[in-house]
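Structure data (mmCIF, C-alpha atoms (C1' of nucleotides); chains and numbers go by the auth columns) from work-v4.cif:
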```cif
data_data
#
loop_
_atom_site.group_PDB
_atom_site.id
_atom_site.type_symbol
_atom_site.label_atom_id
_atom_site.label_comp_id
_atom_site.label_asym_id
_atom_site.label_seq_id
_atom_site.Cartn_x
_atom_site.Cartn_y
_atom_site.Cartn_z
_atom_site.B_iso_or_equiv
_atom_site.auth_seq_id
_atom_site.auth_asym_id
ATOM 1 C CA MET A 1 -2.182 13.692 -29.567 0.00 20 H
ATOM 2 C CA LEU A 2 0.900 15.546 -28.485 0.00 21 H
ATOM 3 C CA LYS A 3 2.719 14.561 -25.318 0.00 22 H
ATOM 4 C CA SER A 4 2.374 17.030 -22.479 0.00 23 H
ATOM 5 C CA LEU A 5 5.344 19.031 -21.290 0.00 24 H
ATOM 6 C CA ASP A 6 6.173 19.135 -17.579 0.00 25 H
ATOM 7 C CA PRO A 7 5.269 22.747 -16.776 0.00 26 H
ATOM 8 C CA LEU A 8 7.943 22.919 -14.123 0.00 27 H
ATOM 9 C CA LEU A 9 10.611 22.349 -16.718 0.00 28 H
ATOM 10 C CA HIS A 10 8.962 24.190 -19.580 0.00 29 H
ATOM 11 C CA SER A 11 10.220 27.537 -18.335 0.00 30 H
ATOM 12 C CA GLU A 12 13.238 29.207 -19.835 0.00 31 H
ATOM 13 C CA LEU A 13 14.962 29.963 -16.558 0.00 32 H
ATOM 14 C CA ARG A 14 14.201 26.700 -14.771 0.00 33 H
ATOM 15 C CA LEU A 15 15.186 24.714 -17.841 0.00 34 H
ATOM 16 C CA GLY A 16 18.406 26.690 -18.039 0.00 35 H
ATOM 17 C CA VAL A 17 19.223 25.973 -14.427 0.00 36 H
ATOM 18 C CA MET A 18 18.552 22.267 -14.894 0.00 37 H
ATOM 19 C CA SER A 19 20.606 22.192 -18.049 0.00 38 H
ATOM 20 C CA ILE A 20 23.563 23.769 -16.269 0.00 39 H
ATOM 21 C CA LEU A 21 23.259 21.520 -13.228 0.00 40 H
ATOM 22 C CA LEU A 22 23.220 18.423 -15.409 0.00 41 H
ATOM 23 C CA GLY A 23 26.738 19.229 -16.537 0.00 42 H
ATOM 24 C CA VAL A 24 28.367 19.989 -13.194 0.00 43 H
ATOM 25 C CA GLU A 25 28.707 18.420 -9.771 0.00 44 H
ATOM 26 C CA GLU A 26 27.245 21.533 -8.169 0.00 45 H
ATOM 27 C CA ALA A 27 26.815 25.236 -8.843 0.00 46 H
ATOM 28 C CA ASP A 28 26.343 28.229 -6.578 0.00 47 H
ATOM 29 C CA PHE A 29 23.805 31.014 -6.799 0.00 48 H
ATOM 30 C CA VAL A 30 26.221 33.544 -8.238 0.00 49 H
ATOM 31 C CA PHE A 31 27.383 31.189 -10.967 0.00 50 H
ATOM 32 C CA LEU A 32 23.809 30.309 -11.943 0.00 51 H
ATOM 33 C CA ARG A 33 22.991 33.978 -12.048 0.00 52 H
ATOM 34 C CA GLN A 34 25.884 34.681 -14.386 0.00 53 H
ATOM 35 C CA GLU A 35 25.185 31.756 -16.678 0.00 54 H
ATOM 36 C CA THR A 36 21.474 32.396 -16.980 0.00 55 H
ATOM 37 C CA GLY A 37 21.560 36.174 -16.904 0.00 56 H
ATOM 38 C CA ALA A 38 18.601 36.133 -14.552 0.00 57 H
ATOM 39 C CA THR A 39 17.934 38.668 -11.836 0.00 58 H
ATOM 40 C CA ALA A 40 18.609 37.481 -8.296 0.00 59 H
ATOM 41 C CA GLY A 41 14.953 37.671 -7.352 0.00 60 H
ATOM 42 C CA ASN A 42 13.785 35.628 -10.275 0.00 61 H
ATOM 43 C CA LEU A 43 16.512 33.048 -9.757 0.00 62 H
ATOM 44 C CA SER A 44 15.683 32.764 -6.074 0.00 63 H
ATOM 45 C CA VAL A 45 12.020 32.101 -6.818 0.00 64 H
ATOM 46 C CA GLN A 46 12.705 29.553 -9.542 0.00 65 H
ATOM 47 C CA LEU A 47 15.308 27.658 -7.502 0.00 66 H
ATOM 48 C CA ASP A 48 12.707 27.416 -4.780 0.00 67 H
ATOM 49 C CA LYS A 49 10.214 25.847 -7.155 0.00 68 H
ATOM 50 C CA LEU A 50 12.735 23.342 -8.443 0.00 69 H
ATOM 51 C CA GLN A 51 13.684 22.440 -4.901 0.00 70 H
ATOM 52 C CA LYS A 52 10.081 22.045 -3.787 0.00 71 H
ATOM 53 C CA ALA A 53 9.508 19.743 -6.753 0.00 72 H
ATOM 54 C CA GLY A 54 12.483 17.660 -5.632 0.00 73 H
ATOM 55 C CA TYR A 55 14.346 18.330 -8.866 0.00 74 H
ATOM 56 C CA ILE A 56 17.317 20.016 -7.195 0.00 75 H
ATOM 57 C CA ALA A 57 18.890 20.028 -3.740 0.00 76 H
ATOM 58 C CA VAL A 58 19.854 23.358 -2.236 0.00 77 H
ATOM 59 C CA GLU A 59 22.432 23.712 0.513 0.00 78 H
ATOM 60 C CA LYS A 60 23.131 26.998 2.258 0.00 79 H
ATOM 61 C CA THR A 61 26.721 27.292 3.369 0.00 80 H
ATOM 62 C CA PHE A 62 29.410 29.957 3.583 0.00 81 H
ATOM 63 C CA ARG A 63 32.409 30.661 1.444 0.00 82 H
ATOM 64 C CA GLY A 64 34.661 32.405 3.948 0.00 83 H
ATOM 65 C CA LYS A 65 32.303 34.846 5.591 0.00 84 H
ATOM 66 C CA MET A 66 29.950 35.245 2.663 0.00 85 H
ATOM 67 C CA PRO A 67 26.777 33.190 2.298 0.00 86 H
ATOM 68 C CA CYS A 68 26.838 30.685 -0.518 0.00 87 H
ATOM 69 C CA THR A 69 23.862 28.774 -1.910 0.00 88 H
ATOM 70 C CA LEU A 70 24.901 25.519 -3.523 0.00 89 H
ATOM 71 C CA CYS A 71 22.623 23.650 -5.912 0.00 90 H
ATOM 72 C CA ARG A 72 22.806 20.241 -7.416 0.00 91 H
ATOM 73 C CA ILE A 73 20.410 18.207 -9.481 0.00 92 H
ATOM 74 C CA THR A 74 18.739 15.182 -7.889 0.00 93 H
ATOM 75 C CA GLU A 75 18.081 11.753 -9.370 0.00 94 H
ATOM 76 C CA GLU A 76 14.430 12.709 -9.642 0.00 95 H
ATOM 77 C CA GLY A 77 15.465 15.887 -11.411 0.00 96 H
ATOM 78 C CA ILE A 78 17.519 13.959 -13.927 0.00 97 H
ATOM 79 C CA ARG A 79 14.638 11.604 -14.652 0.00 98 H
ATOM 80 C CA ALA A 80 12.203 14.493 -15.044 0.00 99 H
ATOM 81 C CA PHE A 81 14.576 16.309 -17.360 0.00 100 H
ATOM 82 C CA GLU A 82 15.038 13.244 -19.529 0.00 101 H
ATOM 83 C CA LYS A 83 11.318 12.703 -19.719 0.00 102 H
ATOM 84 C CA TYR A 84 10.774 16.338 -20.640 0.00 103 H
ATOM 85 C CA VAL A 85 13.371 16.176 -23.392 0.00 104 H
ATOM 86 C CA GLU A 86 11.786 13.083 -24.834 0.00 105 H
ATOM 87 C CA ALA A 87 8.361 14.700 -24.902 0.00 106 H
ATOM 88 C CA LEU A 88 9.858 17.799 -26.434 0.00 107 H
ATOM 89 C CA ARG A 89 11.472 15.800 -29.207 0.00 108 H
ATOM 90 C CA SER A 90 8.039 14.789 -30.423 0.00 109 H
ATOM 91 C CA TYR A 91 7.408 18.482 -31.074 0.00 110 H
ATOM 92 C CA ILE A 92 10.671 19.399 -32.727 0.00 111 H
ATOM 93 C CA GLU A 93 11.643 16.307 -34.679 0.00 112 H
ATOM 94 C CA LYS A 94 9.974 14.900 -37.734 0.00 113 H
ATOM 95 C CA MET B 1 25.452 32.406 -21.450 0.00 4 E
ATOM 96 C CA LEU B 2 22.430 30.466 -22.591 0.00 5 E
ATOM 97 C CA LYS B 3 20.637 31.385 -25.784 0.00 6 E
ATOM 98 C CA SER B 4 17.257 32.972 -25.281 0.00 7 E
ATOM 99 C CA LEU B 5 14.093 31.167 -26.305 0.00 8 E
ATOM 100 C CA ASP B 6 11.523 32.975 -28.444 0.00 9 E
ATOM 101 C CA PRO B 7 8.702 33.400 -25.912 0.00 10 E
ATOM 102 C CA LEU B 8 6.107 33.176 -28.639 0.00 11 E
ATOM 103 C CA LEU B 9 7.178 29.659 -29.434 0.00 12 E
ATOM 104 C CA HIS B 10 8.088 28.596 -25.915 0.00 13 E
ATOM 105 C CA SER B 11 4.487 27.830 -25.058 0.00 14 E
ATOM 106 C CA GLU B 12 3.166 24.312 -25.084 0.00 15 E
ATOM 107 C CA LEU B 13 0.081 25.033 -27.141 0.00 16 E
ATOM 108 C CA ARG B 14 1.645 27.427 -29.635 0.00 17 E
ATOM 109 C CA LEU B 15 4.601 25.118 -30.100 0.00 18 E
ATOM 110 C CA GLY B 16 2.217 22.229 -30.668 0.00 19 E
ATOM 111 C CA VAL B 17 0.313 24.156 -33.300 0.00 20 E
ATOM 112 C CA MET B 18 3.515 25.111 -35.089 0.00 21 E
ATOM 113 C CA SER B 19 4.770 21.554 -34.917 0.00 22 E
ATOM 114 C CA ILE B 20 1.575 20.257 -36.499 0.00 23 E
ATOM 115 C CA LEU B 21 1.511 22.942 -39.169 0.00 24 E
ATOM 116 C CA LEU B 22 5.077 22.158 -40.173 0.00 25 E
ATOM 117 C CA GLY B 23 3.989 18.703 -41.242 0.00 26 E
ATOM 118 C CA VAL B 24 0.912 19.575 -43.280 0.00 27 E
ATOM 119 C CA GLU B 25 -0.085 21.906 -46.070 0.00 28 E
ATOM 120 C CA GLU B 26 -2.834 23.388 -43.912 0.00 29 E
ATOM 121 C CA ALA B 27 -4.998 22.500 -40.941 0.00 30 E
ATOM 122 C CA ASP B 28 -8.366 23.712 -39.759 0.00 31 E
ATOM 123 C CA PHE B 29 -9.424 24.828 -36.301 0.00 32 E
ATOM 124 C CA VAL B 30 -11.202 21.610 -35.438 0.00 33 E
ATOM 125 C CA PHE B 31 -8.248 19.462 -36.426 0.00 34 E
ATOM 126 C CA LEU B 32 -5.845 21.584 -34.393 0.00 35 E
ATOM 127 C CA ARG B 33 -8.201 21.361 -31.456 0.00 36 E
ATOM 128 C CA GLN B 34 -8.284 17.570 -31.676 0.00 37 E
ATOM 129 C CA GLU B 35 -4.556 17.161 -32.104 0.00 38 E
ATOM 130 C CA THR B 36 -3.602 19.528 -29.306 0.00 39 E
ATOM 131 C CA GLY B 37 -6.437 18.721 -26.922 0.00 40 E
ATOM 132 C CA ALA B 38 -6.827 22.445 -26.249 0.00 41 E
ATOM 133 C CA THR B 39 -10.077 24.195 -25.457 0.00 42 E
ATOM 134 C CA ALA B 40 -11.548 26.263 -28.281 0.00 43 E
ATOM 135 C CA GLY B 41 -11.022 29.502 -26.387 0.00 44 E
ATOM 136 C CA ASN B 42 -7.392 28.842 -25.641 0.00 45 E
ATOM 137 C CA LEU B 43 -6.711 27.747 -29.198 0.00 46 E
ATOM 138 C CA SER B 44 -8.429 30.820 -30.593 0.00 47 E
ATOM 139 C CA VAL B 45 -6.281 33.117 -28.472 0.00 48 E
ATOM 140 C CA GLN B 46 -3.027 31.358 -29.280 0.00 49 E
ATOM 141 C CA LEU B 47 -3.720 31.218 -33.013 0.00 50 E
ATOM 142 C CA ASP B 48 -4.298 34.938 -32.856 0.00 51 E
ATOM 143 C CA LYS B 49 -0.911 35.497 -31.281 0.00 52 E
ATOM 144 C CA LEU B 50 0.832 33.342 -33.853 0.00 53 E
ATOM 145 C CA GLN B 51 -0.914 35.186 -36.624 0.00 54 E
ATOM 146 C CA LYS B 52 -0.084 38.607 -35.222 0.00 55 E
ATOM 147 C CA ALA B 53 3.550 37.541 -35.010 0.00 56 E
ATOM 148 C CA GLY B 54 3.407 36.552 -38.672 0.00 57 E
ATOM 149 C CA TYR B 55 4.217 32.922 -37.885 0.00 58 E
ATOM 150 C CA ILE B 56 1.003 31.538 -39.359 0.00 59 E
ATOM 151 C CA ALA B 57 -1.582 32.672 -41.889 0.00 60 E
ATOM 152 C CA VAL B 58 -5.240 32.289 -40.999 0.00 61 E
ATOM 153 C CA GLU B 59 -7.981 32.141 -43.582 0.00 62 E
ATOM 154 C CA LYS B 60 -11.646 32.142 -42.664 0.00 63 E
ATOM 155 C CA THR B 61 -13.746 30.206 -45.111 0.00 64 E
ATOM 156 C CA PHE B 62 -16.718 27.901 -45.065 0.00 65 E
ATOM 157 C CA ARG B 63 -17.021 24.181 -45.439 0.00 66 E
ATOM 158 C CA GLY B 64 -20.547 23.886 -46.779 0.00 67 E
ATOM 159 C CA LYS B 65 -22.451 26.243 -44.527 0.00 68 E
ATOM 160 C CA MET B 66 -20.187 25.842 -41.533 0.00 69 E
ATOM 161 C CA PRO B 67 -17.382 28.281 -40.789 0.00 70 E
ATOM 162 C CA CYS B 68 -13.927 26.858 -41.203 0.00 71 E
ATOM 163 C CA THR B 69 -10.711 28.485 -40.044 0.00 72 E
ATOM 164 C CA LEU B 70 -7.718 27.326 -42.050 0.00 73 E
ATOM 165 C CA CYS B 71 -4.186 27.775 -40.782 0.00 74 E
ATOM 166 C CA ARG B 72 -0.846 27.362 -42.407 0.00 75 E
ATOM 167 C CA ILE B 73 2.660 28.160 -41.335 0.00 76 E
ATOM 168 C CA THR B 74 4.481 31.038 -43.040 0.00 77 E
ATOM 169 C CA GLU B 75 8.089 31.240 -44.181 0.00 78 E
ATOM 170 C CA GLU B 76 8.759 33.511 -41.244 0.00 79 E
ATOM 171 C CA GLY B 77 7.151 30.947 -38.978 0.00 80 E
ATOM 172 C CA ILE B 78 9.367 28.201 -40.304 0.00 81 E
ATOM 173 C CA ARG B 79 12.472 30.288 -39.788 0.00 82 E
ATOM 174 C CA ALA B 80 11.413 31.218 -36.245 0.00 83 E
ATOM 175 C CA PHE B 81 10.668 27.590 -35.432 0.00 84 E
ATOM 176 C CA GLU B 82 14.046 26.463 -36.701 0.00 85 E
ATOM 177 C CA LYS B 83 15.805 29.148 -34.733 0.00 86 E
ATOM 178 C CA TYR B 84 13.865 28.192 -31.628 0.00 87 E
ATOM 179 C CA VAL B 85 14.747 24.532 -32.028 0.00 88 E
ATOM 180 C CA GLU B 86 18.401 25.369 -32.426 0.00 89 E
ATOM 181 C CA ALA B 87 18.402 27.493 -29.289 0.00 90 E
ATOM 182 C CA LEU B 88 16.548 24.766 -27.443 0.00 91 E
ATOM 183 C CA ARG B 89 19.125 22.183 -28.439 0.00 92 E
ATOM 184 C CA SER B 90 21.740 24.089 -26.501 0.00 93 E
ATOM 185 C CA TYR B 91 19.661 23.379 -23.410 0.00 94 E
ATOM 186 C CA ILE B 92 18.902 19.735 -23.989 0.00 95 E
ATOM 187 C CA GLU B 93 21.990 18.369 -25.693 0.00 96 E
ATOM 188 C CA LYS B 94 25.404 17.843 -24.196 0.00 97 E
ATOM 189 C "C1'" DT C 1 -40.064 25.208 -34.074 0.00 12 K
ATOM 190 C "C1'" DA C 2 -37.620 24.176 -30.019 0.00 13 K
ATOM 191 C "C1'" DA C 3 -33.527 21.896 -28.485 0.00 14 K
ATOM 192 C "C1'" DA C 4 -29.028 20.662 -29.215 0.00 15 K
ATOM 193 C "C1'" DG C 5 -24.763 20.953 -31.612 0.00 16 K
ATOM 194 C "C1'" DT C 6 -20.831 23.385 -34.235 0.00 17 K
ATOM 195 C "C1'" DA C 7 -17.338 26.669 -34.745 0.00 18 K
ATOM 196 C "C1'" DG C 8 -15.639 29.768 -33.019 0.00 19 K
ATOM 197 C "C1'" DT C 9 -14.759 34.786 -30.084 0.00 20 K
ATOM 198 C "C1'" DT C 10 -14.635 37.619 -26.060 0.00 21 K
ATOM 199 C "C1'" DT C 11 -14.059 38.364 -21.403 0.00 22 K
ATOM 200 C "C1'" DA C 12 -12.831 37.043 -16.800 0.00 23 K
ATOM 201 C "C1'" DT C 13 -9.863 34.470 -13.736 0.00 24 K
ATOM 202 C "C1'" DA C 14 -5.927 31.889 -12.246 0.00 25 K
ATOM 203 C "C1'" DA C 15 -1.213 31.117 -12.523 0.00 26 K
ATOM 204 C "C1'" DA C 16 3.375 32.325 -13.824 0.00 27 K
ATOM 205 C "C1'" DA C 17 7.277 35.169 -14.678 0.00 28 K
ATOM 206 C "C1'" DT C 18 9.599 39.096 -13.613 0.00 29 K
ATOM 207 C "C1'" DA C 19 11.070 43.184 -11.392 0.00 30 K
ATOM 208 C "C1'" DA C 20 11.354 46.260 -7.674 0.00 31 K
ATOM 209 C "C1'" DA C 21 12.086 46.885 -3.000 0.00 32 K
ATOM 210 C "C1'" DC C 22 14.115 45.306 0.816 0.00 33 K
ATOM 211 C "C1'" DC C 23 17.491 43.013 4.332 0.00 34 K
ATOM 212 C "C1'" DA C 24 21.694 41.548 6.823 0.00 35 K
ATOM 213 C "C1'" DA C 25 26.278 41.039 6.723 0.00 36 K
ATOM 214 C "C1'" DA C 26 30.749 42.137 4.591 0.00 37 K
ATOM 215 C "C1'" DT C 27 33.766 45.187 2.353 0.00 38 K
ATOM 216 C "C1'" DT C 28 35.517 49.471 0.851 0.00 39 K
ATOM 217 C "C1'" DT C 29 36.054 54.426 1.059 0.00 40 K
ATOM 218 C "C1'" DT C 30 36.906 58.762 3.330 0.00 41 K
ATOM 219 C "C1'" DA D 1 35.994 54.316 12.725 0.00 10 L
ATOM 220 C "C1'" DA D 2 31.785 55.876 10.556 0.00 11 L
ATOM 221 C "C1'" DA D 3 29.545 56.192 6.336 0.00 12 L
ATOM 222 C "C1'" DA D 4 28.786 54.478 1.927 0.00 13 L
ATOM 223 C "C1'" DT D 5 28.888 50.598 -1.161 0.00 14 L
ATOM 224 C "C1'" DT D 6 28.775 45.912 -2.428 0.00 15 L
ATOM 225 C "C1'" DT D 7 27.440 41.093 -1.958 0.00 16 L
ATOM 226 C "C1'" DG D 8 24.225 37.489 -1.677 0.00 17 L
ATOM 227 C "C1'" DG D 9 20.369 36.825 -1.316 0.00 18 L
ATOM 228 C "C1'" DT D 10 14.628 36.982 0.080 0.00 19 L
ATOM 229 C "C1'" DT D 11 10.087 38.942 -0.017 0.00 20 L
ATOM 230 C "C1'" DT D 12 6.499 41.327 -2.044 0.00 21 L
ATOM 231 C "C1'" DA D 13 4.281 43.672 -5.782 0.00 22 L
ATOM 232 C "C1'" DT D 14 3.379 44.078 -10.633 0.00 23 L
ATOM 233 C "C1'" DT D 15 3.011 42.606 -15.175 0.00 24 L
ATOM 234 C "C1'" DT D 16 2.366 39.100 -18.381 0.00 25 L
ATOM 235 C "C1'" DT D 17 0.567 34.736 -19.816 0.00 26 L
ATOM 236 C "C1'" DA D 18 -2.270 30.850 -19.994 0.00 27 L
ATOM 237 C "C1'" DT D 19 -6.570 29.034 -19.348 0.00 28 L
ATOM 238 C "C1'" DA D 20 -11.376 28.549 -18.629 0.00 29 L
ATOM 239 C "C1'" DA D 21 -15.971 30.168 -18.609 0.00 30 L
ATOM 240 C "C1'" DA D 22 -19.423 32.581 -20.789 0.00 31 L
ATOM 241 C "C1'" DC D 23 -21.215 34.081 -24.853 0.00 32 L
ATOM 242 C "C1'" DT D 24 -22.481 34.628 -30.102 0.00 33 L
ATOM 243 C "C1'" DA D 25 -24.102 33.273 -34.496 0.00 34 L
ATOM 244 C "C1'" DC D 26 -25.429 29.927 -37.168 0.00 35 L
ATOM 245 C "C1'" DT D 27 -26.890 24.888 -38.332 0.00 36 L
ATOM 246 C "C1'" DT D 28 -28.765 20.556 -37.754 0.00 37 L
ATOM 247 C "C1'" DT D 29 -31.872 17.356 -35.723 0.00 38 L
ATOM 248 C "C1'" DA D 30 -36.035 15.801 -33.341 0.00 39 L
#
```
Rewrite the structure of this file - the entire thing - as structure tokens.
Amino acid sequence: MLKSLDPLLHSELRLGVMSILLGVEEADFVFLRQETGATAGNLSVQLDKLQKAGYIAVEKTFRGKMPCTLCRITEEGIRAFEKYVEALRSYIEK
Amino acid sequence: MLKSLDPLLHSELRLGVMSILLGVEEADFVFLRQETGATAGNLSVQLDKLQKAGYIAVEKTFRGKMPCTLCRITEEGIRAFEKYVEALRSYIEK
DNA sequence: TAAAGTAGTTTATAAAATAAACCAAATTTT
DNA sequence: AAAATTTGGTTTATTTTATAAACTACTTTA
């Protein structure tokens, strides 16, 4: 029987966000938007889900006078991502 | 910018079916149901989508007196799967 | 021959993704 | 300096998708 895929990560946008965050110390909302090509609304919703799952930490600050939402991946997020990738490999590798 | 993931393949059940079909000459409905753990209804719907996309070929025959739905992956399906896997790698590999 | 099982399909419901509309503050234009 | 525009988002509504429940047609078993 096939391994099951964490539904929170098996989503193009959320997986993209996690993938980006794995490679950087932190990333802000605008950067994530650019890299993923997502609409602001969609990104906002998906970041919320990742945060509620404990996979990312979100900090609302300001850059100068403008609001700035900073995201970084958590330890739990890294573990979940690794587990997801391993499950996925059983689908895509012989 | 991240590569986009073929939404037809980025579905746990459909991806599972494709993954199974890649490894065998053909597989029947009951076998796919066992291997994926899906309900019959869900499997029926997802096979339909894969067929309509041209990713699998479905042949309705009989085994003795019982109906038997045989599935096999098409060339187009193989190409789509490979493309999907390549796009996915950009998410899960450094 | 009635009950139970097999192999599915169709339809209804729940969940998810996405987009559209909105908001508050900052910046730019006239 | 007021009005219009942009920025950085959130909230709500809509569409799409996945899933389950109900159903059909036929077969096997008791």
Each residue of chain L with at least one atom at most 10 Å from chain H should appear once, together with its nearest atom pair and the corresponding distance in Å (one decimal); atoms considered: all atoms listed in the file; ordering: chain, then increasing residue number; output as a Markdown table.
```
| residue | atom | partner | partner_atom | distance |
| --- | --- | --- | --- | --- |
| L:DT16 | C1' | H:Met85 | CA | 7.9 |
| L:DG17 | C1' | H:Pro86 | CA | 6.4 |
| L:DG18 | C1' | H:Ala59 | CA | 7.2 |
| L:DT19 | C1' | H:Gly60 | CA | 7.5 |
| L:DT20 | C1' | H:Gly60 | CA | 8.9 |
```
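Among the candidate residues E:Ile23, E:Pro10, E:Ile81, E:Lys55, the one lying nearest to chain K is E:Pro10, with distances computed using all atoms listed in the file.
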* Asked: Written as a PyMOL selection string, which residues does the PyMOL selection byres ((chain E) within 10 of (chain H)) give for the file shown?
  -> chain E and resi 4-10+13-16+18-23+25-26+35-40+84-85+87-89+91-97
* Residues within 12 Å of K:DA13, only C-alpha atoms (C1' of nucleotides), excluding chain neighbours under 2 positions, as a ChimeraX atom specification -> /K:15 /L:38-39
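If you apply the PyMOL selection byres ((chain K) within 12 of (chain E)) to this structure, you end up with DG16, DT17, DA18, DG19, DT20, DT21, DT22 and DA28 of chain K.
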If you keep C-alpha atoms (C1' of nucleotides), can you produce a file of those selected residues as a PDB file, in the frame of the given file?
```pdb
ATOM      1  C1'  DG K  16     -24.763  20.953 -31.612  1.00  0.00           C
ATOM      2  C1'  DT K  17     -20.831  23.385 -34.235  1.00  0.00           C
ATOM      3  C1'  DA K  18     -17.338  26.669 -34.745  1.00  0.00           C
ATOM      4  C1'  DG K  19     -15.639  29.768 -33.019  1.00  0.00           C
ATOM      5  C1'  DT K  20     -14.759  34.786 -30.084  1.00  0.00           C
ATOM      6  C1'  DT K  21     -14.635  37.619 -26.060  1.00  0.00           C
ATOM      7  C1'  DT K  22     -14.059  38.364 -21.403  1.00  0.00           C
ATOM      8  C1'  DA K  28       7.277  35.169 -14.678  1.00  0.00           C
TER       9       DA K  28
END
```
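Selection check: the PyMOL selection byres ((chain K and resi 31) around 12) on the shown file gives Thr58, Ala59, Gly60 and Asn61 of chain H; DT29, DA30, DA32 and DC33 of chain K; DT20, DT21, DA22, DT23 and DT24 of chain L.
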Prev. selection, C-alpha atoms (C1' of nucleotides), output as a PDB file, keeping the file's coordinate frame:
```pdb
ATOM      1  CA  THR H  58      17.934  38.668 -11.836  1.00  0.00           C
ATOM      2  CA  ALA H  59      18.609  37.481  -8.296  1.00  0.00           C
ATOM      3  CA  GLY H  60      14.953  37.671  -7.352  1.00  0.00           C
ATOM      4  CA  ASN H  61      13.785  35.628 -10.275  1.00  0.00           C
TER       5      ASN H  61
ATOM      6  C1'  DT K  29       9.599  39.096 -13.613  1.00  0.00           C
ATOM      7  C1'  DA K  30      11.070  43.184 -11.392  1.00  0.00           C
ATOM      8  C1'  DA K  32      12.086  46.885  -3.000  1.00  0.00           C
ATOM      9  C1'  DC K  33      14.115  45.306   0.816  1.00  0.00           C
TER      10       DC K  33
ATOM     11  C1'  DT L  20      10.087  38.942  -0.017  1.00  0.00           C
ATOM     12  C1'  DT L  21       6.499  41.327  -2.044  1.00  0.00           C
ATOM     13  C1'  DA L  22       4.281  43.672  -5.782  1.00  0.00           C
ATOM     14  C1'  DT L  23       3.379  44.078 -10.633  1.00  0.00           C
ATOM     15  C1'  DT L  24       3.011  42.606 -15.175  1.00  0.00           C
TER      16       DT L  24
END
```
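The space between atom CA of H:Leu28 and atom CA of H:Glu95 spans 12.6 Å.
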* Skipping near chain neighbours, those fewer than 6 positions away, what residues fall within 7 Å of E:Cys74 using only C-alpha atoms (C1' of nucleotides), listed as a PyMOL selection string? -> chain E and resi 29-31+59-62
